[in-house]
file work-v3.txt (compact mmCIF, C-alpha atoms)
# COMPACT_ATOMS: atom_id res chain seq x y z
CA MET A 1 0.00 0.00 0.00
CA GLU A 2 1.35 3.40 -1.00
CA GLN A 3 0.44 6.89 0.09
CA ARG A 4 0.82 9.77 -2.29
CA LYS A 5 0.00 13.45 -2.39
CA PHE A 6 -3.28 14.41 -4.00
CA ARG A 7 -3.40 17.31 -6.40
CA ILE A 8 -5.89 20.15 -5.93
CA GLY A 9 -7.90 19.00 -8.93
CA GLU A 10 -8.15 15.50 -7.48
CA ILE A 11 -9.33 16.81 -4.11
CA LYS A 12 -12.06 18.83 -5.81
CA LEU A 13 -12.98 15.84 -7.98
CA LEU A 14 -13.43 13.68 -4.90
CA ALA A 15 -15.59 16.42 -3.37
CA ARG A 16 -17.80 16.53 -6.46
CA GLN A 17 -18.09 12.75 -6.50
CA SER A 18 -19.16 12.80 -2.85
CA LEU A 19 -21.82 15.39 -3.69
CA GLU A 20 -23.23 13.48 -6.67
CA GLY A 21 -26.86 12.67 -6.00
CA SER A 22 -26.81 14.54 -2.68
CA TRP A 23 -27.25 18.16 -3.79
CA LYS A 24 -31.02 18.19 -3.26
CA GLN A 25 -30.56 16.94 0.27
CA ILE A 26 -27.49 18.89 1.32
CA ILE A 27 -28.51 22.33 -0.01
CA PRO A 28 -31.58 22.71 2.29
CA ILE A 29 -29.60 21.45 5.29
CA PHE A 30 -26.73 23.83 4.63
CA SER A 31 -29.20 26.65 4.04
CA VAL A 32 -30.52 26.13 7.58
CA TYR A 33 -26.95 26.30 8.89
CA ILE A 34 -26.26 29.57 7.04
CA LEU A 35 -29.65 30.99 8.01
CA LEU A 36 -29.10 30.36 11.73
CA LEU A 37 -25.49 31.52 11.71
CA PHE A 38 -25.62 34.60 9.49
CA ALA A 39 -29.20 35.60 8.65
CA ILE A 40 -30.48 36.08 12.22
CA PRO A 41 -27.75 38.58 13.26
CA TRP A 42 -28.11 40.37 9.91
CA VAL A 43 -31.89 40.75 10.28
CA VAL A 44 -31.48 42.06 13.83
CA GLY A 45 -28.86 44.55 12.67
CA TYR A 46 -31.07 45.67 9.80
CA VAL A 47 -34.24 46.10 11.88
CA PHE A 48 -32.49 47.71 14.85
CA ASP A 49 -30.13 49.92 12.88
CA PRO A 50 -28.67 52.42 15.41
CA LEU A 51 -28.78 55.18 12.78
CA THR A 52 -32.49 54.80 11.97
CA TYR A 53 -34.16 53.09 14.93
CA PRO A 54 -36.01 55.65 17.11
CA ASP A 55 -34.81 54.30 20.47
CA PRO A 56 -30.98 54.11 20.49
CA TYR A 57 -30.90 52.10 23.73
CA VAL A 58 -33.14 49.37 22.33
CA ALA A 59 -31.07 49.32 19.13
CA ALA A 60 -27.84 49.02 21.11
CA ALA A 61 -29.27 46.22 23.26
CA ALA A 62 -30.57 44.32 20.22
CA ASN A 63 -27.27 44.58 18.35
CA SER A 64 -25.34 43.56 21.47
CA GLY A 65 -27.60 40.52 21.79
CA ALA A 66 -27.01 39.62 18.12
CA THR A 67 -23.24 39.89 18.62
CA LEU A 68 -23.40 37.71 21.73
CA TYR A 69 -25.53 35.17 19.83
CA SER A 70 -22.97 34.98 17.02
CA LEU A 71 -20.16 34.55 19.53
CA LEU A 72 -21.92 31.69 21.32
CA VAL A 73 -23.05 29.69 18.28
CA ALA A 74 -20.24 30.25 15.74
CA GLY A 75 -18.03 27.48 17.12
CA PRO A 76 -20.76 24.82 17.53
CA PHE A 77 -22.15 25.54 14.06
CA ALA A 78 -18.64 25.30 12.56
CA VAL A 79 -18.27 21.86 14.15
CA GLY A 80 -21.75 20.91 12.94
CA ALA A 81 -20.94 21.91 9.36
CA ALA A 82 -17.71 19.89 9.54
CA ALA A 83 -19.58 16.85 10.89
CA LEU A 84 -22.14 17.19 8.09
CA VAL A 85 -19.64 17.14 5.22
CA LEU A 86 -17.50 14.44 6.86
CA LYS A 87 -20.55 12.16 6.97
CA LEU A 88 -21.29 13.08 3.38
CA ILE A 89 -17.88 12.06 2.01
CA ARG A 90 -18.08 8.83 4.04
CA LYS A 91 -21.30 8.00 2.21
CA LYS A 92 -23.41 8.10 5.35
CA SER A 93 -26.91 9.47 5.53
CA VAL A 94 -27.09 13.10 6.58
CA SER A 95 -29.89 15.01 8.24
CA ILE A 96 -30.57 18.48 9.58
CA SER A 97 -29.66 17.29 13.08
CA ASP A 98 -26.02 17.03 11.95
CA VAL A 99 -25.84 20.82 11.85
CA PHE A 100 -26.36 20.86 15.63
CA GLU A 101 -23.71 18.23 16.42
CA GLY A 102 -21.40 20.94 17.76
CA PHE A 103 -23.84 21.80 20.53
CA LYS A 104 -23.30 18.34 22.03
CA CYS A 105 -19.77 19.51 22.83
CA TRP A 106 -20.58 23.20 23.14
CA GLY A 107 -17.78 23.95 25.63
CA THR A 108 -15.08 22.48 23.38
CA SER A 109 -16.52 24.11 20.25
CA PHE A 110 -16.85 27.50 21.91
CA CYS A 111 -13.34 27.42 23.40
CA ALA A 112 -11.88 26.30 20.08
CA PHE A 113 -13.60 29.18 18.28
CA ILE A 114 -12.31 31.71 20.82
CA LEU A 115 -8.77 30.34 20.70
CA VAL A 116 -8.69 30.25 16.91
CA ALA A 117 -10.06 33.80 16.75
CA VAL A 118 -7.51 35.06 19.29
CA TYR A 119 -4.56 33.32 17.64
CA SER A 120 -5.61 34.56 14.21
CA ALA A 121 -6.04 38.11 15.47
CA LEU A 122 -2.61 38.04 17.13
CA TRP A 123 -0.93 36.84 13.95
CA PHE A 124 -2.69 39.56 11.95
CA LEU A 125 -1.79 42.28 14.46
CA ALA A 126 1.80 41.05 14.51
CA SER A 127 1.90 41.46 10.73
CA LEU A 128 0.70 45.07 11.06
CA LEU A 129 3.21 46.06 13.74
CA PRO A 130 6.39 46.55 11.62
CA GLY A 131 4.56 48.53 8.95
CA THR A 132 2.81 50.66 11.58
CA ILE A 133 6.13 51.49 13.24
CA LEU A 134 7.61 52.44 9.87
CA PHE A 135 4.56 54.59 9.10
CA GLY A 136 4.92 56.32 12.47
CA ALA A 137 8.57 56.99 11.69
CA ALA A 138 7.52 58.62 8.42
CA VAL A 139 5.02 60.89 10.16
CA PHE A 140 7.56 61.73 12.86
CA ASN A 141 10.05 62.59 10.12
CA GLY A 142 7.86 65.51 9.08
CA PHE A 143 5.64 64.37 6.20
CA ASP A 144 3.49 67.34 5.21
CA VAL A 145 0.21 65.96 3.91
CA GLU A 146 -1.14 69.38 2.88
CA THR A 147 1.92 70.19 0.78
CA PHE A 148 1.80 66.78 -0.87
CA TYR A 149 -1.89 67.29 -1.68
CA TYR A 150 -1.36 70.61 -3.42
CA ASP A 151 1.91 69.59 -5.07
CA PRO A 152 1.74 65.91 -6.10
CA ASN A 153 4.79 66.30 -8.37
CA LEU A 154 6.98 66.77 -5.25
CA SER A 155 8.62 69.89 -6.72
CA ALA A 156 8.01 71.97 -3.59
CA ILE A 157 8.50 69.19 -1.03
CA SER A 158 11.68 69.22 0.97
CA THR A 159 14.10 66.31 1.07
CA ILE A 160 12.79 65.37 4.48
CA ASN A 161 9.24 65.12 3.15
CA LYS A 162 10.40 63.05 0.18
CA MET A 163 12.07 60.64 2.56
CA SER A 164 8.87 60.46 4.59
CA LEU A 165 6.91 59.67 1.44
CA TYR A 166 9.27 56.82 0.62
CA LEU A 167 8.92 55.52 4.15
CA ILE A 168 5.12 55.56 3.86
CA VAL A 169 5.24 53.64 0.57
CA ALA A 170 7.59 51.12 2.18
CA ALA A 171 5.31 50.86 5.24
CA ILE A 172 2.21 50.16 3.12
CA SER A 173 4.12 47.56 1.06
CA LEU A 174 5.39 45.91 4.25
CA ILE A 175 1.89 45.78 5.73
CA ILE A 176 0.51 44.11 2.58
CA ILE A 177 3.34 41.55 2.36
CA LEU A 178 3.24 40.64 6.06
CA SER A 179 -0.56 40.41 6.00
CA ILE A 180 -0.30 37.79 3.27
CA VAL A 181 2.37 35.96 5.28
CA SER A 182 0.15 36.02 8.37
CA LEU A 183 -2.60 34.38 6.32
CA PHE A 184 -0.44 31.27 5.96
CA PHE A 185 -0.01 31.11 9.73
CA ILE A 186 -3.76 31.55 10.22
CA LEU A 187 -4.44 28.68 7.82
CA ARG A 188 -2.77 26.34 10.31
CA TYR A 189 -5.97 26.45 12.38
CA GLN A 190 -8.33 25.70 9.47
CA MET A 191 -8.73 22.01 10.33
CA THR A 192 -9.53 22.57 14.04
CA PHE A 193 -13.29 22.10 13.77
CA PHE A 194 -12.92 19.07 11.51
CA ALA A 195 -10.71 17.45 14.16
CA ILE A 196 -13.36 18.08 16.83
CA ALA A 197 -16.18 16.77 14.61
CA ASP A 198 -14.16 13.71 13.59
CA ARG A 199 -13.74 12.69 17.22
CA SER A 200 -17.32 13.53 18.22
CA GLY A 201 -16.19 16.26 20.61
CA LYS A 202 -13.87 13.99 22.62
CA LEU A 203 -10.90 16.19 21.74
CA LYS A 204 -10.13 19.24 23.87
CA ALA A 205 -9.92 22.64 22.21
CA ARG A 206 -6.13 22.99 22.54
CA ASP A 207 -5.61 19.40 21.36
CA ALA A 208 -7.81 20.07 18.33
CA ILE A 209 -5.68 23.11 17.47
CA LYS A 210 -2.52 21.01 17.85
CA GLU A 211 -4.04 18.37 15.58
CA SER A 212 -4.87 21.04 13.01
CA ARG A 213 -1.32 22.33 13.10
CA ARG A 214 -0.01 18.78 12.68
CA ILE A 215 -2.23 18.21 9.65
CA MET A 216 -1.25 21.53 8.10
CA LYS A 217 2.48 21.01 8.56
CA GLY A 218 3.87 21.04 5.04
CA ASN A 219 0.38 21.41 3.53
CA ILE A 220 -0.35 25.10 4.05
CA PHE A 221 0.39 26.02 0.44
CA LYS A 222 -1.79 23.13 -0.70
CA LEU A 223 -4.75 24.44 1.32
CA PHE A 224 -4.07 27.99 0.14
CA GLY A 225 -4.09 26.79 -3.45
CA LEU A 226 -7.29 24.82 -2.83
CA SER A 227 -9.00 27.88 -1.34
CA PHE A 228 -7.72 30.16 -4.10
CA SER A 229 -8.97 27.78 -6.78
CA PHE A 230 -12.57 28.77 -5.96
CA ILE A 231 -11.98 32.42 -6.85
CA GLY A 232 -13.53 31.88 -10.28
CA TRP A 233 -16.87 30.96 -8.70
CA PHE A 234 -16.82 34.12 -6.58
CA PHE A 235 -16.01 36.15 -9.68
CA LEU A 236 -19.13 34.73 -11.34
CA LEU A 237 -21.11 35.64 -8.21
CA PHE A 238 -19.76 39.17 -8.47
CA LEU A 239 -20.92 39.37 -12.09
CA GLY A 240 -24.35 38.14 -11.01
CA ILE A 241 -24.53 40.79 -8.28
CA ALA A 242 -23.54 43.44 -10.82
CA ALA A 243 -26.28 42.22 -13.19
CA ALA A 244 -28.86 42.32 -10.38
CA SER A 245 -27.76 45.86 -9.50
CA VAL A 246 -28.14 46.98 -13.12
CA LEU A 247 -31.61 45.44 -13.32
CA TYR A 248 -32.66 47.11 -10.08
CA ASN A 249 -31.50 50.54 -11.25
CA LEU A 250 -33.20 50.05 -14.61
CA HIS A 251 -36.57 49.40 -13.02
CA LEU A 252 -36.27 52.76 -11.22
CA LEU A 253 -36.18 54.71 -14.49
CA SER A 254 -39.46 56.55 -14.95
CA SER A 255 -38.96 56.75 -18.72
CA ILE A 256 -39.52 52.98 -19.03
CA PRO A 257 -43.13 51.76 -19.27
CA GLU A 258 -44.59 50.34 -16.07
CA THR A 259 -45.06 46.86 -17.54
CA VAL A 260 -41.44 46.69 -18.65
CA ARG A 261 -40.31 47.95 -15.25
CA MET A 262 -42.21 45.16 -13.50
CA ILE A 263 -40.64 42.57 -15.82
CA ILE A 264 -37.18 43.98 -15.07
CA LEU A 265 -37.90 43.92 -11.32
CA SER A 266 -39.04 40.29 -11.58
CA LEU A 267 -35.82 39.41 -13.39
CA CYS A 268 -33.88 41.19 -10.65
CA VAL A 269 -35.61 39.19 -7.90
CA LEU A 270 -35.07 35.95 -9.84
CA THR A 271 -31.38 36.78 -10.25
CA ILE A 272 -31.03 37.41 -6.52
CA ILE A 273 -32.70 34.09 -5.67
CA ILE A 274 -30.38 32.25 -8.06
CA LEU A 275 -27.37 34.04 -6.56
CA VAL A 276 -28.38 33.02 -3.03
CA PHE A 277 -28.71 29.35 -3.99
CA ALA A 278 -25.47 29.55 -5.98
CA TRP A 279 -23.65 31.01 -2.98
CA VAL A 280 -24.95 28.22 -0.73
CA ALA A 281 -23.90 25.60 -3.32
CA ILE A 282 -20.41 27.11 -3.53
CA GLN A 283 -20.11 27.02 0.27
CA VAL A 284 -21.13 23.35 0.25
CA TYR A 285 -18.54 22.64 -2.46
CA ILE A 286 -15.80 24.44 -0.52
CA GLN A 287 -16.59 22.76 2.80
CA THR A 288 -16.76 19.33 1.17
CA SER A 289 -13.37 19.95 -0.45
CA TYR A 290 -11.99 20.92 2.96
CA ALA A 291 -13.41 17.69 4.39
CA VAL A 292 -11.65 15.69 1.68
CA PHE A 293 -8.44 17.63 2.39
CA TYR A 294 -8.76 16.85 6.09
CA SER A 295 -9.41 13.16 5.45
CA ILE A 296 -6.36 12.89 3.22
CA TYR A 297 -3.80 14.83 5.22
CA SER A 298 -4.94 13.62 8.63
CA GLY A 299 -3.78 10.18 7.50
CA ASN A 300 -7.24 8.69 7.00
CA VAL A 301 -6.81 8.03 3.29
CA LYS A 302 -4.24 5.69 1.77
CA VAL A 303 -3.87 4.92 -1.91
CA SER A 304 -3.87 1.29 -2.97
CA TYR A 305 -4.14 -0.43 -6.30
CA PRO A 306 -6.56 -3.16 -7.37
CA SER A 307 -5.69 -6.82 -7.22
CA SER A 308 -5.18 -7.10 -10.99
CA GLY A 309 -1.44 -6.91 -10.50
CA ALA A 310 -0.92 -3.18 -10.95
CA THR A 311 1.43 -1.47 -8.56
CA ALA A 312 2.70 2.02 -8.09
CA ASP A 313 5.98 0.93 -9.73
CA ASP A 314 4.32 -0.06 -13.00
CA SER A 315 4.97 2.46 -15.74
CA ALA A 316 1.36 2.26 -16.91
CA SER A 317 0.08 3.11 -13.44
CA LYS A 318 2.52 5.97 -13.10
CA SER A 319 1.53 7.49 -16.43
CA ALA A 320 -2.15 7.09 -15.57
CA GLU A 321 -1.82 8.89 -12.23
CA MET A 322 -2.09 12.21 -14.02
CA ASP A 323 -5.53 11.33 -15.34
CA VAL A 324 -7.18 9.18 -12.72
CA ILE A 325 -7.38 8.92 -8.97
CA ALA A 326 -6.42 5.54 -7.60
CA GLU A 327 -8.82 3.68 -5.36
CA ALA A 328 -8.41 4.75 -1.76
CA ALA A 329 -8.23 1.94 0.77
CA VAL A 330 -8.93 2.03 4.47
CA GLU A 331 -6.13 1.08 6.82
CA PRO A 332 -6.79 -0.24 10.34
CA ALA A 333 -7.66 2.67 12.61
CA GLU A 334 -4.94 3.61 15.07
CA SER A 335 -7.18 6.06 16.93
CA ASP A 336 -10.82 6.93 17.26
CA THR A 337 -10.61 8.90 14.03
CA GLU A 338 -12.82 7.34 11.39
CA LYS A 339 -11.18 6.27 8.16
CA THR A 340 -12.46 7.56 4.82
CA ALA A 341 -12.42 5.67 1.52
CA PHE A 342 -12.70 7.22 -1.93
CA GLU A 343 -13.11 5.42 -5.21
CA ASP A 344 -13.03 6.78 -8.75
CA PRO A 345 -15.34 4.85 -11.10
CA ARG A 346 -12.92 5.48 -13.96
CA LEU A 347 -10.29 3.30 -12.30
CA GLU A 348 -12.00 0.08 -13.29
CA THR A 349 -11.99 1.15 -16.95
CA LEU A 350 -8.34 2.11 -16.70
CA MET A 351 -7.29 -1.24 -15.25
CA ARG A 352 -9.37 -3.14 -17.81
CA LEU A 353 -7.63 -1.30 -20.64
CA ARG A 354 -4.28 -1.93 -19.01
CA LYS A 355 -5.09 -5.63 -18.80
CA GLN A 356 -6.00 -5.68 -22.48
CA ILE A 357 -2.75 -3.98 -23.46
CA LEU A 358 -0.25 -5.57 -21.07
CA GLY A 359 -2.13 -8.66 -20.01
CA SER A 360 -2.87 -9.75 -16.47
CA PRO A 361 -0.22 -11.44 -14.29
CA ASP A 362 -2.00 -14.79 -14.82
CA ASP A 363 -1.94 -14.35 -18.58
CA MET A 364 1.74 -13.44 -18.52
CA ALA A 365 2.44 -16.51 -16.36
CA ASP A 366 0.57 -18.74 -18.83
CA ASP A 367 2.56 -17.25 -21.72
CA LYS A 368 5.78 -17.90 -19.83
CA HIS A 369 4.89 -21.55 -19.25
CA ALA A 370 3.83 -21.96 -22.87
CA THR A 371 7.17 -20.56 -24.08
CA LYS A 372 9.03 -22.91 -21.71
CA ASP A 373 7.10 -25.91 -23.04
CA GLN A 374 7.88 -24.94 -26.62
CA ASN A 375 11.59 -24.66 -25.83
CA GLU A 376 11.55 -28.10 -24.24
CA ASP A 377 9.90 -29.54 -27.34

call {"tool": "encode", "arguments": {"input": "work-v3.txt", "output": "C-alpha cells"}}
result
Amino acid sequence: MEQRKFRIGEIKLLARQSLEGSWKQIIPIFSVYILLLFAIPWVVGYVFDPLTYPDPYVAAAANSGATLYSLLVAGPFAVGAAALVLKLIRKKSVSISDVFEGFKCWGTSFCAFILVAVYSALWFLASLLPGTILFGAAVFNGFDVETFYYDPNLSAISTINKMSLYLIVAAISLIIILSIVSLFFILRYQMTFFAIADRSGKLKARDAIKESRRIMKGNIFKLFGLSFSFIGWFFLLFLGIAAASVLYNLHLLSSIPETVRMIILSLCVLTIIILVFAWVAIQVYIQTSYAVFYSIYSGNVKVSYPSSGATADDSASKSAEMDVIAEAAVEPAESDTEKTAFEDPRLETLMRLRKQILGSPDDMADDKHATKDQNED
C-alpha cells in the first residue's frame, strides 16, 4: 500500500463525487446552517439599525444581543458543518440534526472558536506592527500631507518630506506583504473544527488546534491553493450581483413603461434568488473539499491499487496517475478517528484497458509456461 500526495484538482474531484446525487438533500440542510449563523444577526442589525431606529438604547441592546448570539453559536455551528460534510464524504446518511452536532460539545466548540479567533487576530496584528512602526517613523520625520496634496509632483516638497513619502510607501508595502504571510499562519488552524467533529467532541480545544497544526504542517500552500482555486466561482457571483444591481437601477427609471419595469424587477428578484442558492452551493462545495483535504492529510486516506497486478511501480500506473485517482483503501484505525475511503469509477476502466494492453499477471504466467514448453519440445 502506497500513500501519495493528491493534487488540488483531485481533491475537488473527490468532493464533487461525494456530492453526486446529494445536492437536493445537502442544499436545504446547509441553508438552515447559514440561516441560523448569518441571517439572524443580519436581520437584527437591519431592523435595529442604530442610525435609523427611534430608540438608540433598544437598538444598542438588540445589536449587542445579536453579537453575543454569534459569539456563542459560531463554534458549535462550525463543528456541525464539519460533521455534516464528513458524513457526506463517508457515504453516510445526513440530516438536519447534523448541523447541531457541535452543541453536544458546546464547551469544546466555543473554546476552540475563541482560541482560533484570538490566535488569528494576534498573527494579523503582529503582521501590522512593523509597517505601523515604519509609518509612524515617516510621520515623525515631518511628512506634510497638505503640501503633498497641493503639489503631487513633489517639486516643492523638501528632502525630508520626500524621505517620509518613501517611508510611507515602504510601510504600506510591508503591511501588505506581512498580512499575506500572516494568512499562511492563520491557515494552520483551518482544520480545528474538523478534528473536533471527527472525534465527536472527545478532543479538547487545545488538542484540536494542535491536531490542526499537525495536519497543516507542510500542507499550508496546498490548502491555500485549494482555497484560491474557488476564486472563479466568486467572480461569477460578483458578475451576477452586478447584473442584479443593473436590473434594479433600470426598473427605477421613470422613462420605461410600467409593464417593462415590473418585468425587469421580476428578473432582478429571480437573479437574486439564483445568486443566493449559488452562494450556498459554492459554500457546500468548498466545505466538502476541505473535508476531503482533512481526510487525506490527517492520515485517513491511503492509496492502494486493485488486485489485478498493478502497482505504483508499474509504468502504466505511473503514467495514468495524471488522469485518474487511484482507489483509496482504508487502513486499520490507530485512533478513534474514522477512516475515509474514496473510489473513482474510472479506475475500473483504466485497469481493464491496461489488462488488455499488457495482459494480467496470470496471462503473462501462462505465456511464460507456454514458451518454456515450446523450448523443451

call {"tool": "closest_residue", "arguments": {"input": "work-v3.txt", "among": "A:Leu183, A:Val276, A:Ala291, A:Leu128", "to": "Ile11 in chain A", "atoms": "only C-alpha atoms"}}
result
A:Ala291

call {"tool": "residues_around", "arguments": {"input": "work-v3.txt", "residues": "Leu239 in chain A", "least_positions_apart": "5", "cutoff": "12 Å", "atoms": "only C-alpha atoms", "output": "VMD selection string"}}
result
chain A and resid 232 to 234 244 to 246 271 to 272 275

call {"tool": "atom_distance", "arguments": {"input": "work-v3.txt", "atom1": "CA of Lys91 in chain A", "atom2": "CA of Ile34 in chain A"}}
result
22.7 Å

call {"tool": "residues_around", "arguments": {"input": "work-v3.txt", "residues": "Thr67 in chain A", "least_positions_apart": "3", "cutoff": "12 Å", "atoms": "all atoms listed in the file", "output": "PyMOL selection string"}}
result
chain A and resi 37-38+40-42+44-45+60-64+70-74

call {"tool": "atom_distance", "arguments": {"input": "work-v3.txt", "atom1": "CA of Thr192 in chain A", "atom2": "CA of Pro28 in chain A"}}
result
25.0 Å

call {"tool": "atom_distance", "arguments": {"input": "work-v3.txt", "atom1": "CA of Asp98 in chain A", "atom2": "CA of Gln283 in chain A"}}
result
16.5 Å

call {"tool": "closest_atom_pairs", "arguments": {"input": "work-v3.txt", "of": "range 196-270 of chain A", "to": "range 109-122 of chain A", "cutoff": "12 Å", "atoms": "all atoms listed in the file", "output": "tab-separated table"}}
result
residue	atom	partner	partner_atom	distance
A:Ile196	CA	A:Ser109	CA	7.6
A:Ala197	CA	A:Ser109	CA	9.3
A:Ser200	CA	A:Ser109	CA	10.8
A:Gly201	CA	A:Ser109	CA	7.9
A:Lys202	CA	A:Ser109	CA	10.7
A:Leu203	CA	A:Ser109	CA	9.8
A:Lys204	CA	A:Ala112	CA	8.2
A:Ala205	CA	A:Ala112	CA	4.7
A:Arg206	CA	A:Ala112	CA	7.1
A:Asp207	CA	A:Ala112	CA	9.4
A:Ala208	CA	A:Ala112	CA	7.6
A:Ile209	CA	A:Ala112	CA	7.4
A:Lys210	CA	A:Ala112	CA	11.0
A:Ser212	CA	A:Val116	CA	10.7
A:Arg213	CA	A:Val116	CA	11.5

call {"tool": "closest_residue", "arguments": {"input": "work-v3.txt", "among": "A:Ala171, A:Met191, A:Ile296, A:Val284", "to": "Gln25 in chain A", "atoms": "all atoms listed in the file"}}
result
A:Val284

call {"tool": "residues_around", "arguments": {"input": "work-v3.txt", "residues": "range 215-217 of chain A", "least_positions_apart": "3", "cutoff": "7 Å", "atoms": "all atoms listed in the file", "output": "MDAnalysis selection string"}}
result
chainID A and resid 188 211:212 220 297:298

call {"tool": "axis_aligned_box", "arguments": {"input": "work-v3.txt", "around": "range 246-257 of chain A", "padding_each_side": "6 Å", "output": "JSON"}}
result
{"center_x": -35.6, "center_y": 51.1, "center_z": -14.7, "size_x": 27.0, "size_y": 23.3, "size_z": 21.2}

call {"tool": "closest_residue", "arguments": {"input": "work-v3.txt", "among": "A:Leu267, A:Ile180, A:Leu223, A:Val292", "to": "Trp123 in chain A", "atoms": "all atoms listed in the file"}}
result
A:Ile180

call {"tool": "residues_around", "arguments": {"input": "work-v3.txt", "residues": "range 83-86 of chain A", "least_positions_apart": "3", "cutoff": "8 Å", "atoms": "only C-alpha atoms", "output": "ChimeraX atom specification"}}
result
/A:79-80,89-90,94,98-99,101,194,197-198,287-288,291-292
